[in-house]
Each structure stands twice: as structure tokens, then as C-alpha cells.
>>> print(open('data.cif').read())   # mmCIF, N, CA and C atoms
data_model
loop_
_atom_site.group_PDB
_atom_site.id
_atom_site.type_symbol
_atom_site.label_atom_id
_atom_site.label_comp_id
_atom_site.auth_asym_id
_atom_site.auth_seq_id
_atom_site.Cartn_x
_atom_site.Cartn_y
_atom_site.Cartn_z
ATOM 1 N N MET A 1 -5.567 -21.741 -24.488
ATOM 2 C CA MET A 1 -6.597 -21.373 -23.534
ATOM 3 C C MET A 1 -7.102 -19.981 -23.876
ATOM 4 N N ALA A 2 -8.385 -19.833 -23.992
ATOM 5 C CA ALA A 2 -8.991 -18.566 -24.369
ATOM 6 C C ALA A 2 -9.099 -17.641 -23.159
ATOM 7 N N TYR A 3 -8.979 -16.382 -23.436
ATOM 8 C CA TYR A 3 -9.080 -15.349 -22.409
ATOM 9 C C TYR A 3 -10.548 -15.121 -22.084
ATOM 10 N N ASP A 4 -10.916 -15.212 -20.823
ATOM 11 C CA ASP A 4 -12.299 -15.011 -20.381
ATOM 12 C C ASP A 4 -12.383 -13.664 -19.674
ATOM 13 N N LYS A 5 -12.892 -12.677 -20.378
ATOM 14 C CA LYS A 5 -12.950 -11.313 -19.860
ATOM 15 C C LYS A 5 -13.797 -11.212 -18.587
ATOM 16 N N ALA A 6 -14.879 -11.943 -18.532
ATOM 17 C CA ALA A 6 -15.760 -11.893 -17.360
ATOM 18 C C ALA A 6 -15.048 -12.449 -16.116
ATOM 19 N N LYS A 7 -14.324 -13.557 -16.274
ATOM 20 C CA LYS A 7 -13.602 -14.131 -15.135
ATOM 21 C C LYS A 7 -12.467 -13.220 -14.685
ATOM 22 N N PHE A 8 -11.805 -12.565 -15.641
ATOM 23 C CA PHE A 8 -10.737 -11.635 -15.309
ATOM 24 C C PHE A 8 -11.291 -10.468 -14.493
ATOM 25 N N LYS A 9 -12.406 -9.903 -14.929
ATOM 26 C CA LYS A 9 -13.031 -8.793 -14.210
ATOM 27 C C LYS A 9 -13.457 -9.239 -12.813
ATOM 28 N N GLU A 10 -14.002 -10.434 -12.709
ATOM 29 C CA GLU A 10 -14.419 -10.964 -11.412
ATOM 30 C C GLU A 10 -13.227 -11.105 -10.464
ATOM 31 N N GLU A 11 -12.102 -11.584 -10.986
ATOM 32 C CA GLU A 11 -10.896 -11.733 -10.161
ATOM 33 C C GLU A 11 -10.359 -10.363 -9.719
ATOM 34 N N CYS A 12 -10.354 -9.397 -10.620
ATOM 35 C CA CYS A 12 -9.902 -8.042 -10.265
ATOM 36 C C CYS A 12 -10.806 -7.443 -9.188
ATOM 37 N N ASP A 13 -12.108 -7.627 -9.334
ATOM 38 C CA ASP A 13 -13.052 -7.115 -8.334
ATOM 39 C C ASP A 13 -12.827 -7.781 -6.977
ATOM 40 N N ARG A 14 -12.558 -9.095 -6.970
ATOM 41 C CA ARG A 14 -12.290 -9.796 -5.716
ATOM 42 C C ARG A 14 -11.076 -9.200 -5.021
ATOM 43 N N ARG A 15 -10.028 -8.961 -5.794
ATOM 44 C CA ARG A 15 -8.794 -8.414 -5.213
ATOM 45 C C ARG A 15 -9.014 -7.007 -4.680
ATOM 46 N N ARG A 16 -9.797 -6.196 -5.387
ATOM 47 C CA ARG A 16 -10.102 -4.844 -4.901
ATOM 48 C C ARG A 16 -10.925 -4.912 -3.617
ATOM 49 N N ASN A 17 -11.961 -5.760 -3.614
ATOM 50 C CA ASN A 17 -12.851 -5.872 -2.455
ATOM 51 C C ASN A 17 -12.123 -6.377 -1.217
ATOM 52 N N GLU A 18 -11.132 -7.230 -1.410
ATOM 53 C CA GLU A 18 -10.356 -7.749 -0.285
ATOM 54 C C GLU A 18 -9.167 -6.853 0.051
ATOM 55 N N ASN A 19 -9.068 -5.726 -0.643
ATOM 56 C CA ASN A 19 -8.018 -4.731 -0.417
ATOM 57 C C ASN A 19 -6.617 -5.332 -0.582
ATOM 58 N N LEU A 20 -6.446 -6.166 -1.596
ATOM 59 C CA LEU A 20 -5.149 -6.778 -1.897
ATOM 60 C C LEU A 20 -4.413 -5.880 -2.877
ATOM 61 N N ILE A 21 -4.019 -4.714 -2.393
ATOM 62 C CA ILE A 21 -3.506 -3.640 -3.243
ATOM 63 C C ILE A 21 -2.100 -3.247 -2.811
ATOM 64 N N VAL A 22 -1.260 -2.979 -3.804
ATOM 65 C CA VAL A 22 0.082 -2.448 -3.552
ATOM 66 C C VAL A 22 0.199 -1.164 -4.357
ATOM 67 N N LYS A 23 0.576 -0.085 -3.681
ATOM 68 C CA LYS A 23 0.735 1.220 -4.319
ATOM 69 C C LYS A 23 2.098 1.784 -3.980
ATOM 70 N N GLY A 24 2.396 2.908 -4.561
ATOM 71 C CA GLY A 24 3.638 3.603 -4.251
ATOM 72 C C GLY A 24 4.666 3.411 -5.341
ATOM 73 N N ASN A 25 5.927 3.563 -4.982
ATOM 74 C CA ASN A 25 7.016 3.419 -5.945
ATOM 75 C C ASN A 25 7.310 1.931 -6.132
ATOM 76 N N THR A 26 6.542 1.296 -6.999
ATOM 77 C CA THR A 26 6.664 -0.140 -7.218
ATOM 78 C C THR A 26 7.535 -0.484 -8.420
ATOM 79 N N TYR A 27 7.980 0.513 -9.149
ATOM 80 C CA TYR A 27 8.751 0.237 -10.362
ATOM 81 C C TYR A 27 9.980 -0.644 -10.096
ATOM 82 N N PRO A 28 10.744 -0.405 -9.017
ATOM 83 C CA PRO A 28 11.922 -1.249 -8.782
ATOM 84 C C PRO A 28 11.596 -2.732 -8.541
ATOM 85 N N ILE A 29 10.373 -3.030 -8.119
ATOM 86 C CA ILE A 29 10.036 -4.424 -7.828
ATOM 87 C C ILE A 29 8.917 -4.949 -8.734
ATOM 88 N N LYS A 30 8.700 -4.301 -9.868
ATOM 89 C CA LYS A 30 7.584 -4.706 -10.723
ATOM 90 C C LYS A 30 7.711 -6.144 -11.216
ATOM 91 N N ASP A 31 8.930 -6.609 -11.468
ATOM 92 C CA ASP A 31 9.098 -7.995 -11.910
ATOM 93 C C ASP A 31 8.730 -8.976 -10.797
ATOM 94 N N MET A 32 9.085 -8.632 -9.563
ATOM 95 C CA MET A 32 8.707 -9.458 -8.423
ATOM 96 C C MET A 32 7.185 -9.498 -8.289
ATOM 97 N N ILE A 33 6.545 -8.346 -8.449
ATOM 98 C CA ILE A 33 5.086 -8.263 -8.344
ATOM 99 C C ILE A 33 4.431 -9.136 -9.413
ATOM 100 N N LYS A 34 4.953 -9.067 -10.628
ATOM 101 C CA LYS A 34 4.413 -9.894 -11.710
ATOM 102 C C LYS A 34 4.596 -11.378 -11.406
ATOM 103 N N ASP A 35 5.767 -11.745 -10.893
ATOM 104 C CA ASP A 35 6.036 -13.143 -10.546
ATOM 105 C C ASP A 35 5.090 -13.651 -9.451
ATOM 106 N N LEU A 36 4.678 -12.756 -8.551
ATOM 107 C CA LEU A 36 3.752 -13.129 -7.482
ATOM 108 C C LEU A 36 2.302 -13.165 -7.957
ATOM 109 N N GLY A 37 2.049 -12.773 -9.206
ATOM 110 C CA GLY A 37 0.695 -12.820 -9.756
ATOM 111 C C GLY A 37 -0.038 -11.501 -9.714
ATOM 112 N N GLY A 38 0.684 -10.402 -9.580
ATOM 113 C CA GLY A 38 0.057 -9.093 -9.538
ATOM 114 C C GLY A 38 -0.533 -8.691 -10.878
ATOM 115 N N ILE A 39 -1.639 -7.979 -10.823
ATOM 116 C CA ILE A 39 -2.311 -7.444 -12.004
ATOM 117 C C ILE A 39 -2.272 -5.929 -11.896
ATOM 118 N N TRP A 40 -1.772 -5.255 -12.936
ATOM 119 C CA TRP A 40 -1.690 -3.796 -12.925
ATOM 120 C C TRP A 40 -3.062 -3.201 -13.201
ATOM 121 N N ASP A 41 -3.512 -2.306 -12.334
ATOM 122 C CA ASP A 41 -4.760 -1.571 -12.497
ATOM 123 C C ASP A 41 -4.384 -0.160 -12.934
ATOM 124 N N GLY A 42 -4.351 0.051 -14.233
ATOM 125 C CA GLY A 42 -3.907 1.324 -14.781
ATOM 126 C C GLY A 42 -4.807 2.495 -14.447
ATOM 127 N N MET A 43 -6.085 2.236 -14.259
ATOM 128 C CA MET A 43 -7.011 3.321 -13.925
ATOM 129 C C MET A 43 -6.730 3.888 -12.534
ATOM 130 N N GLN A 44 -6.413 3.002 -11.585
ATOM 131 C CA GLN A 44 -6.161 3.428 -10.211
ATOM 132 C C GLN A 44 -4.668 3.546 -9.888
ATOM 133 N N LYS A 45 -3.813 3.170 -10.857
ATOM 134 C CA LYS A 45 -2.353 3.224 -10.669
ATOM 135 C C LYS A 45 -1.935 2.407 -9.437
ATOM 136 N N GLN A 46 -2.346 1.130 -9.434
ATOM 137 C CA GLN A 46 -2.043 0.243 -8.321
ATOM 138 C C GLN A 46 -1.968 -1.193 -8.828
ATOM 139 N N TRP A 47 -1.343 -2.044 -8.045
ATOM 140 C CA TRP A 47 -1.259 -3.467 -8.349
ATOM 141 C C TRP A 47 -2.308 -4.194 -7.536
ATOM 142 N N LEU A 48 -2.964 -5.174 -8.143
ATOM 143 C CA LEU A 48 -3.921 -6.036 -7.463
ATOM 144 C C LEU A 48 -3.246 -7.386 -7.262
ATOM 145 N N MET A 49 -3.069 -7.766 -6.019
ATOM 146 C CA MET A 49 -2.322 -8.976 -5.690
ATOM 147 C C MET A 49 -3.275 -10.133 -5.389
ATOM 148 N N PRO A 50 -2.807 -11.385 -5.571
ATOM 149 C CA PRO A 50 -3.687 -12.541 -5.394
ATOM 150 C C PRO A 50 -4.036 -12.869 -3.942
ATOM 151 N N ASP A 51 -3.142 -12.544 -2.989
ATOM 152 C CA ASP A 51 -3.418 -12.860 -1.586
ATOM 153 C C ASP A 51 -2.629 -11.917 -0.672
ATOM 154 N N GLN A 52 -2.931 -11.973 0.619
ATOM 155 C CA GLN A 52 -2.311 -11.057 1.586
ATOM 156 C C GLN A 52 -0.817 -11.294 1.725
ATOM 157 N N SER A 53 -0.373 -12.538 1.596
ATOM 158 C CA SER A 53 1.066 -12.798 1.732
ATOM 159 C C SER A 53 1.851 -12.117 0.609
ATOM 160 N N ALA A 54 1.277 -12.033 -0.580
ATOM 161 C CA ALA A 54 1.934 -11.332 -1.693
ATOM 162 C C ALA A 54 1.987 -9.831 -1.416
ATOM 163 N N VAL A 55 0.919 -9.285 -0.851
ATOM 164 C CA VAL A 55 0.893 -7.862 -0.484
ATOM 165 C C VAL A 55 1.974 -7.581 0.554
ATOM 166 N N ASP A 56 2.054 -8.432 1.578
ATOM 167 C CA ASP A 56 3.045 -8.256 2.646
ATOM 168 C C ASP A 56 4.465 -8.336 2.100
ATOM 169 N N ALA A 57 4.717 -9.287 1.200
ATOM 170 C CA ALA A 57 6.054 -9.437 0.621
ATOM 171 C C ALA A 57 6.442 -8.188 -0.162
ATOM 172 N N CYS A 58 5.510 -7.639 -0.918
ATOM 173 C CA CYS A 58 5.791 -6.433 -1.702
ATOM 174 C C CYS A 58 6.036 -5.233 -0.798
ATOM 175 N N ASN A 59 5.195 -5.078 0.211
ATOM 176 C CA ASN A 59 5.359 -3.949 1.127
ATOM 177 C C ASN A 59 6.676 -4.039 1.883
ATOM 178 N N THR A 60 7.071 -5.245 2.251
ATOM 179 C CA THR A 60 8.346 -5.437 2.925
ATOM 180 C C THR A 60 9.494 -5.052 2.001
ATOM 181 N N GLU A 61 9.407 -5.460 0.753
ATOM 182 C CA GLU A 61 10.460 -5.146 -0.221
ATOM 183 C C GLU A 61 10.520 -3.640 -0.493
ATOM 184 N N ILE A 62 9.360 -3.002 -0.588
ATOM 185 C CA ILE A 62 9.312 -1.556 -0.857
ATOM 186 C C ILE A 62 9.927 -0.766 0.296
ATOM 187 N N THR A 63 9.562 -1.141 1.538
ATOM 188 C CA THR A 63 10.034 -0.376 2.692
ATOM 189 C C THR A 63 11.388 -0.841 3.190
ATOM 190 N N GLY A 64 11.802 -2.034 2.789
ATOM 191 C CA GLY A 64 13.106 -2.536 3.194
ATOM 192 C C GLY A 64 13.146 -3.066 4.607
ATOM 193 N N GLY A 65 12.002 -3.438 5.164
ATOM 194 C CA GLY A 65 11.970 -3.974 6.517
ATOM 195 C C GLY A 65 10.912 -5.036 6.653
ATOM 196 N N SER A 66 10.816 -5.588 7.844
ATOM 197 C CA SER A 66 9.804 -6.606 8.097
ATOM 198 C C SER A 66 8.465 -5.928 8.379
ATOM 199 N N PRO A 67 7.355 -6.666 8.249
ATOM 200 C CA PRO A 67 6.055 -6.061 8.559
ATOM 201 C C PRO A 67 5.981 -5.514 9.977
ATOM 202 N N VAL A 68 6.674 -6.154 10.943
ATOM 203 C CA VAL A 68 6.691 -5.648 12.313
ATOM 204 C C VAL A 68 7.406 -4.300 12.346
ATOM 205 N N ASP A 69 8.540 -4.196 11.626
ATOM 206 C CA ASP A 69 9.260 -2.928 11.550
ATOM 207 C C ASP A 69 8.379 -1.849 10.934
ATOM 208 N N GLN A 70 7.589 -2.207 9.919
ATOM 209 C CA GLN A 70 6.713 -1.239 9.265
ATOM 210 C C GLN A 70 5.685 -0.697 10.250
ATOM 211 N N ALA A 71 5.096 -1.580 11.059
ATOM 212 C CA ALA A 71 4.096 -1.138 12.029
ATOM 213 C C ALA A 71 4.728 -0.210 13.059
ATOM 214 N N THR A 72 5.931 -0.522 13.492
ATOM 215 C CA THR A 72 6.644 0.319 14.453
ATOM 216 C C THR A 72 6.953 1.674 13.838
ATOM 217 N N GLN A 73 7.435 1.670 12.588
ATOM 218 C CA GLN A 73 7.755 2.926 11.917
ATOM 219 C C GLN A 73 6.503 3.762 11.714
ATOM 220 N N ALA A 74 5.383 3.130 11.381
ATOM 221 C CA ALA A 74 4.137 3.871 11.173
ATOM 222 C C ALA A 74 3.684 4.525 12.472
ATOM 223 N N THR A 75 3.827 3.802 13.586
ATOM 224 C CA THR A 75 3.443 4.356 14.879
ATOM 225 C C THR A 75 4.354 5.522 15.262
ATOM 226 N N GLN A 76 5.651 5.361 15.038
ATOM 227 C CA GLN A 76 6.597 6.416 15.377
ATOM 228 C C GLN A 76 6.456 7.620 14.461
ATOM 229 N N ALA A 77 5.991 7.401 13.240
ATOM 230 C CA ALA A 77 5.899 8.488 12.267
ATOM 231 C C ALA A 77 4.675 9.370 12.490
ATOM 232 N N GLN A 78 3.732 8.909 13.325
ATOM 233 C CA GLN A 78 2.545 9.712 13.549
ATOM 234 C C GLN A 78 2.916 10.969 14.324
ATOM 235 N N PRO A 79 2.387 12.116 13.884
ATOM 236 C CA PRO A 79 2.709 13.357 14.574
ATOM 237 C C PRO A 79 2.145 13.364 15.991
ATOM 238 N N GLN A 80 2.913 13.900 16.892
ATOM 239 C CA GLN A 80 2.491 14.006 18.280
ATOM 240 C C GLN A 80 1.689 15.295 18.451
ATOM 241 N N PRO A 81 0.682 15.271 19.309
ATOM 242 C CA PRO A 81 -0.099 16.500 19.517
ATOM 243 C C PRO A 81 0.784 17.590 20.128
ATOM 244 N N ASN A 82 0.497 18.812 19.729
ATOM 245 C CA ASN A 82 1.257 19.939 20.258
ATOM 246 C C ASN A 82 0.986 20.086 21.749
ATOM 247 N N GLN A 83 2.047 20.380 22.497
ATOM 248 C CA GLN A 83 1.906 20.621 23.919
ATOM 249 C C GLN A 83 1.316 22.011 24.125
ATOM 250 N N ALA A 84 0.435 22.124 25.090
ATOM 251 C CA ALA A 84 -0.175 23.419 25.375
ATOM 252 C C ALA A 84 0.879 24.364 25.920
ATOM 253 N N SER A 85 0.890 25.566 25.393
ATOM 254 C CA SER A 85 1.840 26.567 25.838
ATOM 255 C C SER A 85 1.197 27.412 26.934
ATOM 256 N N THR A 86 1.991 27.768 27.923
ATOM 257 C CA THR A 86 1.476 28.620 28.997
ATOM 258 C C THR A 86 1.652 30.095 28.664
ATOM 259 N N GLU A 87 2.366 30.388 27.590
ATOM 260 C CA GLU A 87 2.582 31.778 27.194
ATOM 261 C C GLU A 87 1.481 32.222 26.248
ATOM 262 N N MET A 88 1.112 33.466 26.378
ATOM 263 C CA MET A 88 0.136 34.046 25.471
ATOM 264 C C MET A 88 0.861 34.613 24.256
ATOM 265 N N PRO A 89 0.401 34.331 23.065
ATOM 266 C CA PRO A 89 1.041 34.905 21.886
ATOM 267 C C PRO A 89 0.748 36.398 21.789
ATOM 268 N N ASP A 90 1.642 37.115 21.137
ATOM 269 C CA ASP A 90 1.401 38.544 20.930
ATOM 270 C C ASP A 90 0.208 38.712 19.987
ATOM 271 N N MET A 91 -0.727 39.543 20.411
ATOM 272 C CA MET A 91 -1.921 39.770 19.612
ATOM 273 C C MET A 91 -1.771 41.090 18.857
ATOM 274 N N PRO A 92 -2.121 41.130 17.585
ATOM 275 C CA PRO A 92 -1.968 42.352 16.802
ATOM 276 C C PRO A 92 -3.042 43.397 17.101
ATOM 277 N N PHE A 93 -3.982 43.121 17.937
ATOM 278 C CA PHE A 93 -5.058 44.098 18.209
ATOM 279 C C PHE A 93 -5.102 44.509 19.641
#
>>> encode(input="data.cif", output="C-alpha cells")
Amino acid sequence: MAYDKAKFKEECDRRRNENLIVKGNTYPIKDMIKDLGGIWDGMQKQWLMPDQSAVDACNTEITGGSPVDQATQATQAQPQPNQASTEMPDMPF
């Protein structure tokens, strides 16, 4: 079977447009990513995955938890706004 460069580019563009991307420290799971059909995008240093379930599986493996756990951790990791202080800071002038 001959390699069709135009079809390959079209598939990569589809994956980018649908945001089927895995980034981060993927080296430990690169074989899993390849088995799921991931394509390495060397210019952007990211993997382009064939569908959302493959993205979810990779993200779960990277973070070591379920997608629900990831959403909870992301919410908890957001910085809380600083509480207003009733004290006046010392002014140098």
C-alpha cells in the first residue's frame, strides 16, 4: 500500500481541528499511544489521537486517575482569590 501524503496531512489536520491532542510527559506511555493510533506532531511536540476515547485513555494513564478524578483535581487546583485584608500595609512614604 502506497503512502498518500495528502490523506495523511488531511487526517492530521482533522485531529488538530477536533483538538484530539495529548501533551505533557508522554514518554512513559508512548507505546500505548502508538497502539491507540497516535501520530507524533514533532513541530508542536504533541500527539494527535484518532478519537476522544483515545485522548481520555491517555490522559487517565498520565494522571493516574479517572477522568472524573481529573476534573475534581483541576477544580481543587485552581487558586482561590485572596481574602481582603482589613489591615493597612505599612507605606514607605
>>> select_by_dssp(input="data.cif", residues="range 11-69 of chain A", states="strand (DSSP E)", output="ChimeraX atom specification")
/A:21-22,39-41,46-48
>>> write_last_selection(input="data.cif", atoms="N, CA and C atoms", output="mmCIF file, in the frame of the given file")
data_model
loop_
_atom_site.group_PDB
_atom_site.id
_atom_site.type_symbol
_atom_site.label_atom_id
_atom_site.label_comp_id
_atom_site.auth_asym_id
_atom_site.auth_seq_id
_atom_site.Cartn_x
_atom_site.Cartn_y
_atom_site.Cartn_z
ATOM 1 N N ILE A 21 -4.019 -4.714 -2.393
ATOM 2 C CA ILE A 21 -3.506 -3.640 -3.243
ATOM 3 C C ILE A 21 -2.100 -3.247 -2.811
ATOM 4 N N VAL A 22 -1.260 -2.979 -3.804
ATOM 5 C CA VAL A 22 0.082 -2.448 -3.552
ATOM 6 C C VAL A 22 0.199 -1.164 -4.357
ATOM 7 N N ILE A 39 -1.639 -7.979 -10.823
ATOM 8 C CA ILE A 39 -2.311 -7.444 -12.004
ATOM 9 C C ILE A 39 -2.272 -5.929 -11.896
ATOM 10 N N TRP A 40 -1.772 -5.255 -12.936
ATOM 11 C CA TRP A 40 -1.690 -3.796 -12.925
ATOM 12 C C TRP A 40 -3.062 -3.201 -13.201
ATOM 13 N N ASP A 41 -3.512 -2.306 -12.334
ATOM 14 C CA ASP A 41 -4.760 -1.571 -12.497
ATOM 15 C C ASP A 41 -4.384 -0.160 -12.934
ATOM 16 N N GLN A 46 -2.346 1.130 -9.434
ATOM 17 C CA GLN A 46 -2.043 0.243 -8.321
ATOM 18 C C GLN A 46 -1.968 -1.193 -8.828
ATOM 19 N N TRP A 47 -1.343 -2.044 -8.045
ATOM 20 C CA TRP A 47 -1.259 -3.467 -8.349
ATOM 21 C C TRP A 47 -2.308 -4.194 -7.536
ATOM 22 N N LEU A 48 -2.964 -5.174 -8.143
ATOM 23 C CA LEU A 48 -3.921 -6.036 -7.463
ATOM 24 C C LEU A 48 -3.246 -7.386 -7.262
#
>>> resolve_selection(input="data.cif", expression="the PyMOL selection byres (((chain A and resi 11 and name CA) around 12) and name CA)", output="list of chain:residue names")
A:Asp4, A:Lys5, A:Ala6, A:Lys7, A:Phe8, A:Lys9, A:Glu10, A:Cys12, A:Asp13, A:Arg14, A:Arg15, A:Arg16, A:Asn17, A:Glu18, A:Leu20, A:Gly37, A:Gly38, A:Ile39, A:Leu48, A:Met49, A:Pro50, A:Asp51
>>> atom_distance(input="data.cif", atom1="atom N of Gly42 in chain A", atom2="CA of Tyr3 in chain A")
18.1 Å
>>> residues_around(input="data.cif", residues="Gln46 in chain A", least_positions_apart="6", cutoff="6 Å", atoms="only N, CA and C atoms", output="MDAnalysis selection string")
chainID A and resid 22:23 39:40
>>> atom_distance(input="data.cif", atom1="CA of Thr63 in chain A", atom2="CA of Met32 in chain A")
14.4 Å
>>> resolve_selection(input="data.cif", expression="the PyMOL selection byres (((chain A and resi 29 and name CA) around 12) and name CA)", output="PyMOL selection string")
chain A and resi 22-28+30-36+38+47+57-64
>>> atom_distance(input="data.cif", atom1="atom N of Gly65 in chain A", atom2="CA of Gln52 in chain A")
16.6 Å
